[in-house]
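*Asks:* Quick one: the structure is below, questions incoming.
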Amino acid sequence: MLVHDTALVFSRYARQTLRSRFQMLFGMLMPLLYLLFFGPLLTGLPLGGAGDSWQVLVPGLLLQLALFGSSFAGFAIIVEKNTGVVERMRVTPVSRLALLLGRVLRDGAVFVLQAVLLVLVAVAMGLRAPLAGVLIGFAFTGVLTVALASLSYALALRVARPHEFGPVVNATTMPLMLLSGLMLPMALAPGWLDLLSRLTPLRYLVDAMRAAYVGDYTGPAMLWGLLAAAALTTAGLTIGARLFRRAAQ
């Protein structure tokens, strides 16, 4: 029943997304602008890591796409609460966990599709990376989306108005972006900043994706990235599922 209910919820929100193509296109506008206007400035520069500038920049942009897009996913729940959609779903026999999983799987599928489009543009601009590494990058993008979207929906269930939700998300995502080394490797940072960034789980996903883009699939960066991804996903789904169940009571 969980699989069946999840598929029902997923299909409902997938249809909504397909009817709003501008949402997908504008969602990748910021990473695409970074790719077009920031990427050429880094060409040929020593960035303190393996691979060329595109192999450093593109993984960071993919995770940036997932970070900002999934963190603001909870706005949809606030709108649904205010229009009575959540109340109507509570009286249905659909699994409460499926109400979360259907949403976050839709979000994961959307951002992986956007990631594919972004990588195709990057290849046209000069990115060269092994296919296996690119596919691993898509997997990390999807996992981060599921984890953060779950936390975003959980937060949205706890607030009543959008102006309460937005500042919390902004105050969380900006430090994550700056400390994780999304734009430039933290190897360029002073020692204290590099140490601080190691307390950020996203840092390990960034390092793992960059390792994958240069063909390093068995090094410590990949291991730490997998552990961080598993921890984030477990925490996000656990917290999200608990709050969805409480909201249904």
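Ordering of the structure tokens sets the chain letters (A, B, ...); residue numbers start at 1 within each chain; ligands are numbered from 1 in the order shown.
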Env of Met222 in chain A: 10 Å cut, atoms = only C-alpha atoms, seq-sep filter 2 positions within chain, self excluded. Answer as an MDAnalysis selection string.
*Replies:* chainID A and resid 204:212 216:220 224:228
*Asks:* Tell me which of A:Leu202, A:Val110, A:Ile78, A:Leu2 sits closest to Val159 in chain A, counting only C-alpha atoms.
*Replies:*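 Comparing A:Leu202, A:Val110, A:Ile78, A:Leu2 against Val159 in chain A, the winner is A:Ile78.
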*Asks:* I need the residues of range 159-227 of chain A that end up classed as helix (DSSP H, G or I) by DSSP on the backbone, written out as an mmCIF file with all heavy atoms, in the first residue's frame.
*Replies:*
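Saved to part39.cif:
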data_model
loop_
_atom_site.group_PDB
_atom_site.id
_atom_site.type_symbol
_atom_site.label_atom_id
_atom_site.label_comp_id
_atom_site.auth_asym_id
_atom_site.auth_seq_id
_atom_site.Cartn_x
_atom_site.Cartn_y
_atom_site.Cartn_z
ATOM 1 N N PRO A 162 4.160 32.308 4.791
ATOM 2 C CA PRO A 162 5.404 32.277 3.998
ATOM 3 C C PRO A 162 6.490 33.183 4.536
ATOM 4 O O PRO A 162 7.676 32.847 4.438
ATOM 5 C CB PRO A 162 4.929 32.720 2.606
ATOM 6 C CG PRO A 162 3.480 32.387 2.555
ATOM 7 C CD PRO A 162 2.973 32.581 3.953
ATOM 8 N N HIS A 163 6.122 34.340 5.094
ATOM 9 C CA HIS A 163 7.164 35.262 5.558
ATOM 10 C C HIS A 163 7.874 34.745 6.803
ATOM 11 O O HIS A 163 8.903 35.298 7.208
ATOM 12 C CB HIS A 163 6.581 36.661 5.803
ATOM 13 C CG HIS A 163 5.619 36.739 6.946
ATOM 14 N ND1 HIS A 163 4.254 36.673 6.766
ATOM 15 C CD2 HIS A 163 5.815 36.889 8.285
ATOM 16 C CE1 HIS A 163 3.655 36.789 7.938
ATOM 17 N NE2 HIS A 163 4.578 36.908 8.879
ATOM 18 N N GLU A 164 7.350 33.698 7.434
ATOM 19 C CA GLU A 164 8.070 33.040 8.517
ATOM 20 C C GLU A 164 9.001 31.959 7.985
ATOM 21 O O GLU A 164 10.041 31.667 8.586
ATOM 22 C CB GLU A 164 7.080 32.409 9.499
ATOM 23 C CG GLU A 164 6.151 33.402 10.189
ATOM 24 C CD GLU A 164 5.089 32.699 11.029
ATOM 25 O OE1 GLU A 164 5.002 31.456 10.935
ATOM 26 O OE2 GLU A 164 4.366 33.386 11.753
ATOM 27 N N PHE A 165 8.626 31.376 6.854
ATOM 28 C CA PHE A 165 9.390 30.270 6.272
ATOM 29 C C PHE A 165 10.636 30.771 5.540
ATOM 30 O O PHE A 165 11.732 30.222 5.715
ATOM 31 C CB PHE A 165 8.474 29.505 5.307
ATOM 32 C CG PHE A 165 9.129 28.360 4.592
ATOM 33 C CD1 PHE A 165 9.258 27.127 5.196
ATOM 34 C CD2 PHE A 165 9.605 28.515 3.295
ATOM 35 C CE1 PHE A 165 9.846 26.064 4.534
ATOM 36 C CE2 PHE A 165 10.199 27.463 2.624
ATOM 37 C CZ PHE A 165 10.313 26.233 3.239
ATOM 38 N N GLY A 166 10.474 31.816 4.723
ATOM 39 C CA GLY A 166 11.569 32.283 3.883
ATOM 40 C C GLY A 166 12.830 32.667 4.622
ATOM 41 O O GLY A 166 13.936 32.219 4.251
ATOM 42 N N PRO A 167 12.749 33.495 5.680
ATOM 43 C CA PRO A 167 13.985 33.887 6.380
ATOM 44 C C PRO A 167 14.741 32.711 6.986
ATOM 45 O O PRO A 167 15.975 32.708 6.997
ATOM 46 C CB PRO A 167 13.469 34.830 7.475
ATOM 47 C CG PRO A 167 12.195 35.379 6.925
ATOM 48 C CD PRO A 167 11.586 34.259 6.149
ATOM 49 N N VAL A 168 14.017 31.706 7.479
ATOM 50 C CA VAL A 168 14.689 30.539 8.044
ATOM 51 C C VAL A 168 15.478 29.803 6.971
ATOM 52 O O VAL A 168 16.632 29.404 7.174
ATOM 53 C CB VAL A 168 13.668 29.595 8.714
ATOM 54 C CG1 VAL A 168 14.359 28.322 9.206
ATOM 55 C CG2 VAL A 168 12.963 30.291 9.861
ATOM 56 N N VAL A 169 14.857 29.624 5.812
ATOM 57 C CA VAL A 169 15.532 28.927 4.719
ATOM 58 C C VAL A 169 16.743 29.719 4.231
ATOM 59 O O VAL A 169 17.829 29.160 4.023
ATOM 60 C CB VAL A 169 14.544 28.675 3.560
ATOM 61 C CG1 VAL A 169 15.272 28.085 2.358
ATOM 62 C CG2 VAL A 169 13.428 27.742 4.016
ATOM 63 N N ASN A 170 16.582 31.029 4.058
ATOM 64 C CA ASN A 170 17.708 31.856 3.612
ATOM 65 C C ASN A 170 18.858 31.815 4.608
ATOM 66 O O ASN A 170 20.035 31.731 4.219
ATOM 67 C CB ASN A 170 17.253 33.299 3.407
ATOM 68 C CG ASN A 170 16.515 33.494 2.095
ATOM 69 O OD1 ASN A 170 16.839 32.866 1.097
ATOM 70 N ND2 ASN A 170 15.518 34.362 2.098
ATOM 71 N N ALA A 171 18.534 31.871 5.891
ATOM 72 C CA ALA A 171 19.567 31.870 6.919
ATOM 73 C C ALA A 171 20.293 30.531 7.006
ATOM 74 O O ALA A 171 21.395 30.456 7.553
ATOM 75 C CB ALA A 171 18.950 32.207 8.278
ATOM 76 N N THR A 172 19.693 29.478 6.450
ATOM 77 C CA THR A 172 20.311 28.154 6.473
ATOM 78 C C THR A 172 21.087 27.869 5.196
ATOM 79 O O THR A 172 22.215 27.351 5.242
ATOM 80 C CB THR A 172 19.235 27.070 6.667
ATOM 81 O OG1 THR A 172 18.498 27.336 7.861
ATOM 82 C CG2 THR A 172 19.867 25.690 6.767
ATOM 83 N N THR A 173 20.496 28.195 4.053
ATOM 84 C CA THR A 173 21.108 27.818 2.777
ATOM 85 C C THR A 173 22.353 28.631 2.438
ATOM 86 O O THR A 173 23.315 28.087 1.886
ATOM 87 C CB THR A 173 20.095 27.944 1.637
ATOM 88 O OG1 THR A 173 19.534 29.273 1.633
ATOM 89 C CG2 THR A 173 18.983 26.923 1.772
ATOM 90 N N MET A 174 22.360 29.919 2.771
ATOM 91 C CA MET A 174 23.525 30.731 2.419
ATOM 92 C C MET A 174 24.799 30.268 3.124
ATOM 93 O O MET A 174 25.840 30.093 2.477
ATOM 94 C CB MET A 174 23.237 32.203 2.709
ATOM 95 C CG MET A 174 22.268 32.838 1.730
ATOM 96 S SD MET A 174 22.803 32.672 -0.003
ATOM 97 C CE MET A 174 24.337 33.603 0.030
ATOM 98 N N PRO A 175 24.781 30.045 4.461
ATOM 99 C CA PRO A 175 25.996 29.508 5.081
ATOM 100 C C PRO A 175 26.393 28.143 4.526
ATOM 101 O O PRO A 175 27.587 27.852 4.379
ATOM 102 C CB PRO A 175 25.611 29.411 6.570
ATOM 103 C CG PRO A 175 24.524 30.406 6.746
ATOM 104 C CD PRO A 175 23.759 30.388 5.469
ATOM 105 N N LEU A 176 25.395 27.300 4.217
ATOM 106 C CA LEU A 176 25.713 26.000 3.637
ATOM 107 C C LEU A 176 26.435 26.156 2.310
ATOM 108 O O LEU A 176 27.413 25.456 2.026
ATOM 109 C CB LEU A 176 24.434 25.192 3.440
ATOM 110 C CG LEU A 176 23.851 24.494 4.670
ATOM 111 C CD1 LEU A 176 22.526 23.832 4.318
ATOM 112 C CD2 LEU A 176 24.831 23.471 5.226
ATOM 113 N N MET A 177 25.961 27.078 1.473
ATOM 114 C CA MET A 177 26.598 27.281 0.178
ATOM 115 C C MET A 177 28.028 27.788 0.341
ATOM 116 O O MET A 177 28.956 27.321 -0.330
ATOM 117 C CB MET A 177 25.794 28.271 -0.656
ATOM 118 C CG MET A 177 26.346 28.459 -2.068
ATOM 119 S SD MET A 177 25.552 29.785 -2.996
ATOM 120 C CE MET A 177 26.349 31.217 -2.238
ATOM 121 N N LEU A 178 28.222 28.740 1.249
ATOM 122 C CA LEU A 178 29.538 29.350 1.408
ATOM 123 C C LEU A 178 30.537 28.405 2.065
ATOM 124 O O LEU A 178 31.728 28.400 1.715
ATOM 125 C CB LEU A 178 29.409 30.634 2.234
ATOM 126 C CG LEU A 178 28.564 31.746 1.587
ATOM 127 C CD1 LEU A 178 28.369 32.891 2.564
ATOM 128 C CD2 LEU A 178 29.198 32.234 0.303
ATOM 129 N N LEU A 179 30.071 27.584 3.011
ATOM 130 C CA LEU A 179 30.986 26.720 3.748
ATOM 131 C C LEU A 179 31.260 25.395 3.051
ATOM 132 O O LEU A 179 32.246 24.735 3.368
ATOM 133 C CB LEU A 179 30.429 26.443 5.153
ATOM 134 C CG LEU A 179 30.496 27.591 6.150
ATOM 135 C CD1 LEU A 179 29.784 27.217 7.433
ATOM 136 C CD2 LEU A 179 31.949 27.973 6.430
ATOM 137 N N SER A 180 30.399 24.987 2.139
ATOM 138 C CA SER A 180 30.564 23.678 1.505
ATOM 139 C C SER A 180 31.537 23.694 0.337
ATOM 140 O O SER A 180 31.929 22.636 -0.153
ATOM 141 C CB SER A 180 29.202 23.171 1.019
ATOM 142 O OG SER A 180 28.683 24.050 0.037
ATOM 143 N N MET A 186 37.389 24.181 -1.098
ATOM 144 C CA MET A 186 37.809 24.704 0.196
ATOM 145 C C MET A 186 39.306 24.545 0.404
ATOM 146 O O MET A 186 39.852 25.049 1.392
ATOM 147 C CB MET A 186 37.045 24.016 1.315
ATOM 148 C CG MET A 186 35.551 24.330 1.339
ATOM 149 S SD MET A 186 35.165 26.098 1.339
ATOM 150 C CE MET A 186 35.805 26.593 2.941
ATOM 151 N N ALA A 187 39.988 23.876 -0.524
ATOM 152 C CA ALA A 187 41.450 23.809 -0.452
ATOM 153 C C ALA A 187 42.066 25.198 -0.601
ATOM 154 O O ALA A 187 43.209 25.430 -0.191
ATOM 155 C CB ALA A 187 41.984 22.886 -1.541
ATOM 156 N N LEU A 188 41.330 26.137 -1.183
ATOM 157 C CA LEU A 188 41.812 27.500 -1.343
ATOM 158 C C LEU A 188 41.591 28.342 -0.091
ATOM 159 O O LEU A 188 42.074 29.460 -0.013
ATOM 160 C CB LEU A 188 41.104 28.173 -2.531
ATOM 161 C CG LEU A 188 41.253 27.497 -3.894
ATOM 162 C CD1 LEU A 188 40.409 28.218 -4.927
ATOM 163 C CD2 LEU A 188 42.713 27.457 -4.323
ATOM 164 N N GLY A 191 43.071 27.918 6.883
ATOM 165 C CA GLY A 191 42.889 26.717 7.690
ATOM 166 C C GLY A 191 41.641 26.728 8.544
ATOM 167 O O GLY A 191 40.928 25.723 8.640
ATOM 168 N N TRP A 192 41.337 27.860 9.190
ATOM 169 C CA TRP A 192 40.184 27.917 10.086
ATOM 170 C C TRP A 192 38.871 27.751 9.327
ATOM 171 O O TRP A 192 37.941 27.125 9.816
ATOM 172 C CB TRP A 192 40.180 29.219 10.867
ATOM 173 C CG TRP A 192 39.946 30.458 10.014
ATOM 174 C CD1 TRP A 192 40.896 31.235 9.422
ATOM 175 C CD2 TRP A 192 38.675 31.020 9.669
ATOM 176 N NE1 TRP A 192 40.306 32.257 8.724
ATOM 177 C CE2 TRP A 192 38.948 32.160 8.859
ATOM 178 C CE3 TRP A 192 37.355 30.692 9.968
ATOM 179 C CZ2 TRP A 192 37.940 32.962 8.339
ATOM 180 C CZ3 TRP A 192 36.341 31.488 9.453
ATOM 181 C CH2 TRP A 192 36.623 32.612 8.646
ATOM 182 N N LEU A 193 38.827 28.306 8.091
ATOM 183 C CA LEU A 193 37.605 28.193 7.305
ATOM 184 C C LEU A 193 37.439 26.778 6.756
ATOM 185 O O LEU A 193 36.320 26.246 6.711
ATOM 186 C CB LEU A 193 37.626 29.209 6.161
ATOM 187 C CG LEU A 193 36.341 29.363 5.349
ATOM 188 C CD1 LEU A 193 35.183 29.768 6.249
ATOM 189 C CD2 LEU A 193 36.537 30.397 4.243
ATOM 190 N N ASP A 194 38.548 26.165 6.370
ATOM 191 C CA ASP A 194 38.497 24.780 5.901
ATOM 192 C C ASP A 194 38.035 23.856 7.023
ATOM 193 O O ASP A 194 37.221 22.949 6.811
ATOM 194 C CB ASP A 194 39.878 24.360 5.396
ATOM 195 C CG ASP A 194 39.903 22.918 4.915
ATOM 196 O OD1 ASP A 194 39.137 22.585 3.992
ATOM 197 O OD2 ASP A 194 40.670 22.124 5.480
ATOM 198 N N LEU A 195 38.515 24.105 8.242
ATOM 199 C CA LEU A 195 38.102 23.298 9.392
ATOM 200 C C LEU A 195 36.610 23.477 9.665
ATOM 201 O O LEU A 195 35.894 22.503 9.927
ATOM 202 C CB LEU A 195 38.924 23.681 10.624
ATOM 203 C CG LEU A 195 38.579 22.952 11.924
ATOM 204 C CD1 LEU A 195 38.826 21.451 11.780
ATOM 205 C CD2 LEU A 195 39.396 23.517 13.074
ATOM 206 N N LEU A 196 36.132 24.708 9.607
ATOM 207 C CA LEU A 196 34.716 24.980 9.838
ATOM 208 C C LEU A 196 33.845 24.306 8.783
ATOM 209 O O LEU A 196 32.772 23.786 9.088
ATOM 210 C CB LEU A 196 34.474 26.487 9.850
ATOM 211 C CG LEU A 196 33.072 26.970 10.241
ATOM 212 C CD1 LEU A 196 32.725 26.521 11.659
ATOM 213 C CD2 LEU A 196 32.993 28.495 10.128
ATOM 214 N N SER A 197 34.321 24.282 7.551
ATOM 215 C CA SER A 197 33.534 23.683 6.471
ATOM 216 C C SER A 197 33.381 22.178 6.650
ATOM 217 O O SER A 197 32.411 21.592 6.157
ATOM 218 C CB SER A 197 34.186 23.974 5.115
ATOM 219 O OG SER A 197 35.327 23.155 4.907
ATOM 220 N N PRO A 201 27.797 18.861 6.347
ATOM 221 C CA PRO A 201 27.664 17.618 5.571
ATOM 222 C C PRO A 201 27.737 17.829 4.069
ATOM 223 O O PRO A 201 28.254 16.975 3.341
ATOM 224 C CB PRO A 201 26.283 17.091 5.990
ATOM 225 C CG PRO A 201 26.017 17.719 7.313
ATOM 226 C CD PRO A 201 26.665 19.057 7.275
ATOM 227 N N LEU A 202 27.254 18.958 3.603
ATOM 228 C CA LEU A 202 27.253 19.214 2.165
ATOM 229 C C LEU A 202 28.660 19.257 1.591
ATOM 230 O O LEU A 202 28.877 18.950 0.421
ATOM 231 C CB LEU A 202 26.510 20.521 1.876
ATOM 232 C CG LEU A 202 26.262 20.876 0.407
ATOM 233 C CD1 LEU A 202 25.510 19.767 -0.309
ATOM 234 C CD2 LEU A 202 25.501 22.191 0.305
ATOM 235 N N ARG A 203 29.627 19.635 2.406
ATOM 236 C CA ARG A 203 31.028 19.680 1.960
ATOM 237 C C ARG A 203 31.463 18.328 1.419
ATOM 238 O O ARG A 203 32.162 18.232 0.394
ATOM 239 C CB ARG A 203 31.911 20.113 3.135
ATOM 240 C CG ARG A 203 33.394 19.695 3.076
ATOM 241 C CD ARG A 203 34.188 20.543 2.126
ATOM 242 N NE ARG A 203 35.558 20.064 2.005
ATOM 243 C CZ ARG A 203 36.593 20.516 2.733
ATOM 244 N NH1 ARG A 203 36.396 21.459 3.643
ATOM 245 N NH2 ARG A 203 37.800 20.049 2.534
ATOM 246 N N TYR A 204 31.045 17.243 2.069
ATOM 247 C CA TYR A 204 31.490 15.910 1.678
ATOM 248 C C TYR A 204 30.804 15.448 0.386
ATOM 249 O O TYR A 204 31.396 14.706 -0.394
ATOM 250 C CB TYR A 204 31.227 14.933 2.823
ATOM 251 C CG TYR A 204 31.968 15.338 4.072
ATOM 252 C CD1 TYR A 204 31.325 16.017 5.102
ATOM 253 C CD2 TYR A 204 33.333 15.093 4.202
ATOM 254 C CE1 TYR A 204 32.010 16.417 6.238
ATOM 255 C CE2 TYR A 204 34.026 15.490 5.343
ATOM 256 C CZ TYR A 204 33.359 16.151 6.345
ATOM 257 O OH TYR A 204 34.055 16.561 7.459
ATOM 258 N N LEU A 205 29.577 15.905 0.149
ATOM 259 C CA LEU A 205 28.922 15.601 -1.118
ATOM 260 C C LEU A 205 29.616 16.328 -2.258
ATOM 261 O O LEU A 205 29.797 15.774 -3.347
ATOM 262 C CB LEU A 205 27.442 15.995 -1.065
ATOM 263 C CG LEU A 205 26.462 14.925 -0.568
ATOM 264 C CD1 LEU A 205 26.677 14.636 0.915
ATOM 265 C CD2 LEU A 205 25.022 15.367 -0.802
ATOM 266 N N VAL A 206 30.010 17.576 -2.021
ATOM 267 C CA VAL A 206 30.712 18.350 -3.044
ATOM 268 C C VAL A 206 32.034 17.674 -3.393
ATOM 269 O O VAL A 206 32.368 17.486 -4.574
ATOM 270 C CB VAL A 206 30.950 19.793 -2.554
ATOM 271 C CG1 VAL A 206 31.796 20.559 -3.559
ATOM 272 C CG2 VAL A 206 29.624 20.508 -2.341
ATOM 273 N N ASP A 207 32.803 17.301 -2.380
ATOM 274 C CA ASP A 207 34.100 16.655 -2.629
ATOM 275 C C ASP A 207 33.917 15.325 -3.359
ATOM 276 O O ASP A 207 34.714 14.982 -4.250
ATOM 277 C CB ASP A 207 34.824 16.416 -1.302
ATOM 278 C CG ASP A 207 35.312 17.711 -0.661
ATOM 279 O OD1 ASP A 207 35.335 18.746 -1.359
ATOM 280 O OD2 ASP A 207 35.664 17.685 0.540
ATOM 281 N N ALA A 208 32.879 14.559 -2.992
ATOM 282 C CA ALA A 208 32.650 13.270 -3.641
ATOM 283 C C ALA A 208 32.273 13.440 -5.101
ATOM 284 O O ALA A 208 32.743 12.687 -5.968
ATOM 285 C CB ALA A 208 31.554 12.502 -2.899
ATOM 286 N N MET A 209 31.427 14.434 -5.400
ATOM 287 C CA MET A 209 31.043 14.655 -6.789
ATOM 288 C C MET A 209 32.224 15.107 -7.634
ATOM 289 O O MET A 209 32.388 14.678 -8.780
ATOM 290 C CB MET A 209 29.915 15.683 -6.870
ATOM 291 C CG MET A 209 28.543 15.082 -6.623
ATOM 292 S SD MET A 209 27.198 16.247 -6.932
ATOM 293 C CE MET A 209 27.394 16.553 -8.694
ATOM 294 N N ARG A 210 33.058 15.951 -7.075
ATOM 295 C CA ARG A 210 34.237 16.400 -7.827
ATOM 296 C C ARG A 210 35.202 15.239 -8.047
ATOM 297 O O ARG A 210 35.843 15.150 -9.104
ATOM 298 C CB ARG A 210 34.915 17.553 -7.086
ATOM 299 C CG ARG A 210 34.119 18.848 -7.227
ATOM 300 C CD ARG A 210 34.728 20.007 -6.487
ATOM 301 N NE ARG A 210 33.958 21.227 -6.768
ATOM 302 C CZ ARG A 210 33.799 22.227 -5.922
ATOM 303 N NH1 ARG A 210 34.370 22.171 -4.722
ATOM 304 N NH2 ARG A 210 33.095 23.287 -6.260
ATOM 305 N N ALA A 211 35.322 14.357 -7.067
ATOM 306 C CA ALA A 211 36.154 13.169 -7.252
ATOM 307 C C ALA A 211 35.585 12.282 -8.355
ATOM 308 O O ALA A 211 36.326 11.752 -9.196
ATOM 309 C CB ALA A 211 36.255 12.394 -5.940
ATOM 310 N N ALA A 212 34.269 12.124 -8.388
ATOM 311 C CA ALA A 212 33.641 11.306 -9.423
ATOM 312 C C ALA A 212 33.862 11.896 -10.814
ATOM 313 O O ALA A 212 34.041 11.164 -11.789
ATOM 314 C CB ALA A 212 32.148 11.171 -9.145
ATOM 315 N N TYR A 213 33.877 13.215 -10.902
ATOM 316 C CA TYR A 213 34.036 13.867 -12.208
ATOM 317 C C TYR A 213 35.450 13.733 -12.761
ATOM 318 O O TYR A 213 35.676 14.017 -13.942
ATOM 319 C CB TYR A 213 33.639 15.341 -12.110
ATOM 320 C CG TYR A 213 32.199 15.586 -12.487
ATOM 321 C CD1 TYR A 213 31.165 14.930 -11.832
ATOM 322 C CD2 TYR A 213 31.860 16.474 -13.508
ATOM 323 C CE1 TYR A 213 29.854 15.136 -12.177
ATOM 324 C CE2 TYR A 213 30.537 16.689 -13.861
ATOM 325 C CZ TYR A 213 29.542 16.017 -13.200
ATOM 326 O OH TYR A 213 28.226 16.216 -13.550
ATOM 327 N N PRO A 220 38.856 8.192 -0.452
ATOM 328 C CA PRO A 220 38.166 8.593 0.781
ATOM 329 C C PRO A 220 37.084 9.647 0.554
ATOM 330 O O PRO A 220 36.099 9.692 1.287
ATOM 331 C CB PRO A 220 39.305 9.133 1.662
ATOM 332 C CG PRO A 220 40.424 9.432 0.721
ATOM 333 C CD PRO A 220 40.301 8.470 -0.400
ATOM 334 N N ALA A 221 37.254 10.507 -0.450
ATOM 335 C CA ALA A 221 36.237 11.529 -0.715
ATOM 336 C C ALA A 221 34.897 10.887 -1.057
ATOM 337 O O ALA A 221 33.840 11.339 -0.602
ATOM 338 C CB ALA A 221 36.695 12.450 -1.845
ATOM 339 N N MET A 222 34.942 9.819 -1.856
ATOM 340 C CA MET A 222 33.703 9.138 -2.236
ATOM 341 C C MET A 222 33.065 8.453 -1.030
ATOM 342 O O MET A 222 31.835 8.489 -0.843
ATOM 343 C CB MET A 222 33.985 8.116 -3.333
ATOM 344 C CG MET A 222 32.738 7.441 -3.886
ATOM 345 S SD MET A 222 31.595 8.613 -4.654
ATOM 346 C CE MET A 222 32.613 9.203 -6.026
ATOM 347 N N LEU A 223 33.895 7.839 -0.191
ATOM 348 C CA LEU A 223 33.371 7.167 0.997
ATOM 349 C C LEU A 223 32.681 8.161 1.926
ATOM 350 O O LEU A 223 31.547 7.926 2.387
ATOM 351 C CB LEU A 223 34.513 6.460 1.732
ATOM 352 C CG LEU A 223 34.137 5.818 3.078
ATOM 353 C CD1 LEU A 223 33.068 4.755 2.892
ATOM 354 C CD2 LEU A 223 35.373 5.239 3.754
ATOM 355 N N TRP A 224 33.329 9.280 2.198
ATOM 356 C CA TRP A 224 32.727 10.284 3.073
ATOM 357 C C TRP A 224 31.479 10.887 2.444
ATOM 358 O O TRP A 224 30.506 11.212 3.144
ATOM 359 C CB TRP A 224 33.746 11.380 3.390
ATOM 360 C CG TRP A 224 34.759 10.969 4.413
ATOM 361 C CD1 TRP A 224 36.083 10.731 4.215
ATOM 362 C CD2 TRP A 224 34.521 10.758 5.812
ATOM 363 N NE1 TRP A 224 36.694 10.375 5.390
ATOM 364 C CE2 TRP A 224 35.770 10.382 6.390
ATOM 365 C CE3 TRP A 224 33.404 10.838 6.628
ATOM 366 C CZ2 TRP A 224 35.899 10.098 7.746
ATOM 367 C CZ3 TRP A 224 33.526 10.555 7.989
ATOM 368 C CH2 TRP A 224 34.769 10.195 8.527
ATOM 369 N N GLY A 225 31.489 11.035 1.125
ATOM 370 C CA GLY A 225 30.309 11.549 0.454
ATOM 371 C C GLY A 225 29.124 10.616 0.576
ATOM 372 O O GLY A 225 27.989 11.054 0.812
ATOM 373 N N LEU A 226 29.360 9.323 0.437
ATOM 374 C CA LEU A 226 28.278 8.346 0.574
ATOM 375 C C LEU A 226 27.729 8.332 2.001
ATOM 376 O O LEU A 226 26.509 8.248 2.203
ATOM 377 C CB LEU A 226 28.789 6.954 0.189
ATOM 378 C CG LEU A 226 29.098 6.746 -1.299
ATOM 379 C CD1 LEU A 226 29.773 5.396 -1.514
ATOM 380 C CD2 LEU A 226 27.825 6.837 -2.136
ATOM 381 N N LEU A 227 28.627 8.416 2.979
ATOM 382 C CA LEU A 227 28.178 8.432 4.377
ATOM 383 C C LEU A 227 27.356 9.687 4.674
ATOM 384 O O LEU A 227 26.317 9.625 5.350
ATOM 385 C CB LEU A 227 29.379 8.354 5.317
ATOM 386 C CG LEU A 227 30.149 7.030 5.321
ATOM 387 C CD1 LEU A 227 31.397 7.134 6.200
ATOM 388 C CD2 LEU A 227 29.258 5.893 5.805
#
*Asks:* Set the distance at 7 Å and use only C-alpha atoms: which residues neighbour Gly236 in chain A once local chain neighbours fewer than 2 positions away are removed? I'd like the list as number ranges by chain.
*Replies:* A: 147-148, 150-151, 232-234, 238-240
*Asks:* Do you have the CA of Gln16 in chain A-CA of Ala235 in chain A distance handy?
*Replies:* 27.3 Å
*Asks:* I'd like the neighbourhood of Val58 in chain A as a PyMOL selection string, where a residue qualifies if any of its atoms comes within 8 Å (using only C-alpha atoms), though same-chain residues fewer than 4 positions away should be ignored.
*Replies:* chain A and resi 35+54+62+119+122
*Asks:* Let's have the selection written as an mmCIF file, in the first residue's frame, with N, CA, C and O atoms.
*Replies:*
data_model
loop_
_atom_site.group_PDB
_atom_site.id
_atom_site.type_symbol
_atom_site.label_atom_id
_atom_site.label_comp_id
_atom_site.auth_asym_id
_atom_site.auth_seq_id
_atom_site.Cartn_x
_atom_site.Cartn_y
_atom_site.Cartn_z
ATOM 1 N N LEU A 35 27.170 29.209 -14.790
ATOM 2 C CA LEU A 35 27.890 28.411 -15.780
ATOM 3 C C LEU A 35 28.339 29.281 -16.954
ATOM 4 O O LEU A 35 29.486 29.179 -17.418
ATOM 5 N N TRP A 54 36.167 23.172 -15.165
ATOM 6 C CA TRP A 54 34.789 22.721 -15.388
ATOM 7 C C TRP A 54 34.443 21.538 -14.491
ATOM 8 O O TRP A 54 33.313 21.408 -14.024
ATOM 9 N N LEU A 62 25.557 21.796 -9.732
ATOM 10 C CA LEU A 62 24.482 20.808 -9.633
ATOM 11 C C LEU A 62 23.955 20.719 -8.202
ATOM 12 O O LEU A 62 22.736 20.673 -7.974
ATOM 13 N N VAL A 119 24.201 19.804 -17.376
ATOM 14 C CA VAL A 119 25.418 19.106 -17.791
ATOM 15 C C VAL A 119 25.572 19.145 -19.316
ATOM 16 O O VAL A 119 26.684 19.303 -19.833
ATOM 17 N N ALA A 122 27.007 22.372 -20.100
ATOM 18 C CA ALA A 122 28.401 22.396 -19.662
ATOM 19 C C ALA A 122 29.303 21.629 -20.631
ATOM 20 O O ALA A 122 30.425 22.057 -20.905
#
*Asks:* Point out the residue among A:Leu99, A:Ala156, A:Leu65, A:Val116 with the least atom-to-atom distance to Leu33 in chain A, counting only C-alpha atoms.
*Replies:* A:Leu65
*Asks:* Find the spatial neighbours of range 7-13 of chain A, counting only C-alpha atoms, within a cut-off of 6 Å - ignore same-chain residues fewer than 6 positions away - and output them as a ChimeraX atom specification.
*Replies:* /A:102-103,106
*Asks:* From the list A:Ser71, A:Phe26, A:Ser53, A:Val94, which residue is nearest Leu41 in chain A when using only C-alpha atoms?
*Replies:* A:Ser53
*Asks:* Quote the spacing between CA of Gly74 in chain A and CA of Tyr153 in chain A in Å to one decimal place.
*Replies:*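 Here the two named atoms are 4.3 Å from each other.
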*Asks:* Which residue, A:Ser95, A:Thr6, A:Asn82, A:Gln55, has the smallest gap to Leu184 in chain A when you use only C-alpha atoms?
*Replies:*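 Closest residue, counting only C-alpha atoms: A:Gln55.
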*Asks:* Grab the CA of Pro59 in chain A to CA of Ala149 in chain A distance for me, in Å with one decimal place.
*Replies:*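 CA of Pro59 in chain A sits 19.3 Å away from CA of Ala149 in chain A.
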*Asks:* If we count only C-alpha atoms and set the cut-off at 8 Å, which residues sit around Ala73 in chain A, ignoring sequence neighbours fewer than 3 positions away in its own chain? Please answer as a PyMOL selection string.
*Replies:* chain A and resi 69-70+76-77+107+149+152-153
*Asks:* Find the spatial neighbours of Gly215 in chain A, counting only C-alpha atoms, within a cut-off of 8 Å - ignore same-chain residues fewer than 4 positions away - and output them as a count of residues only.
*Replies:* 5
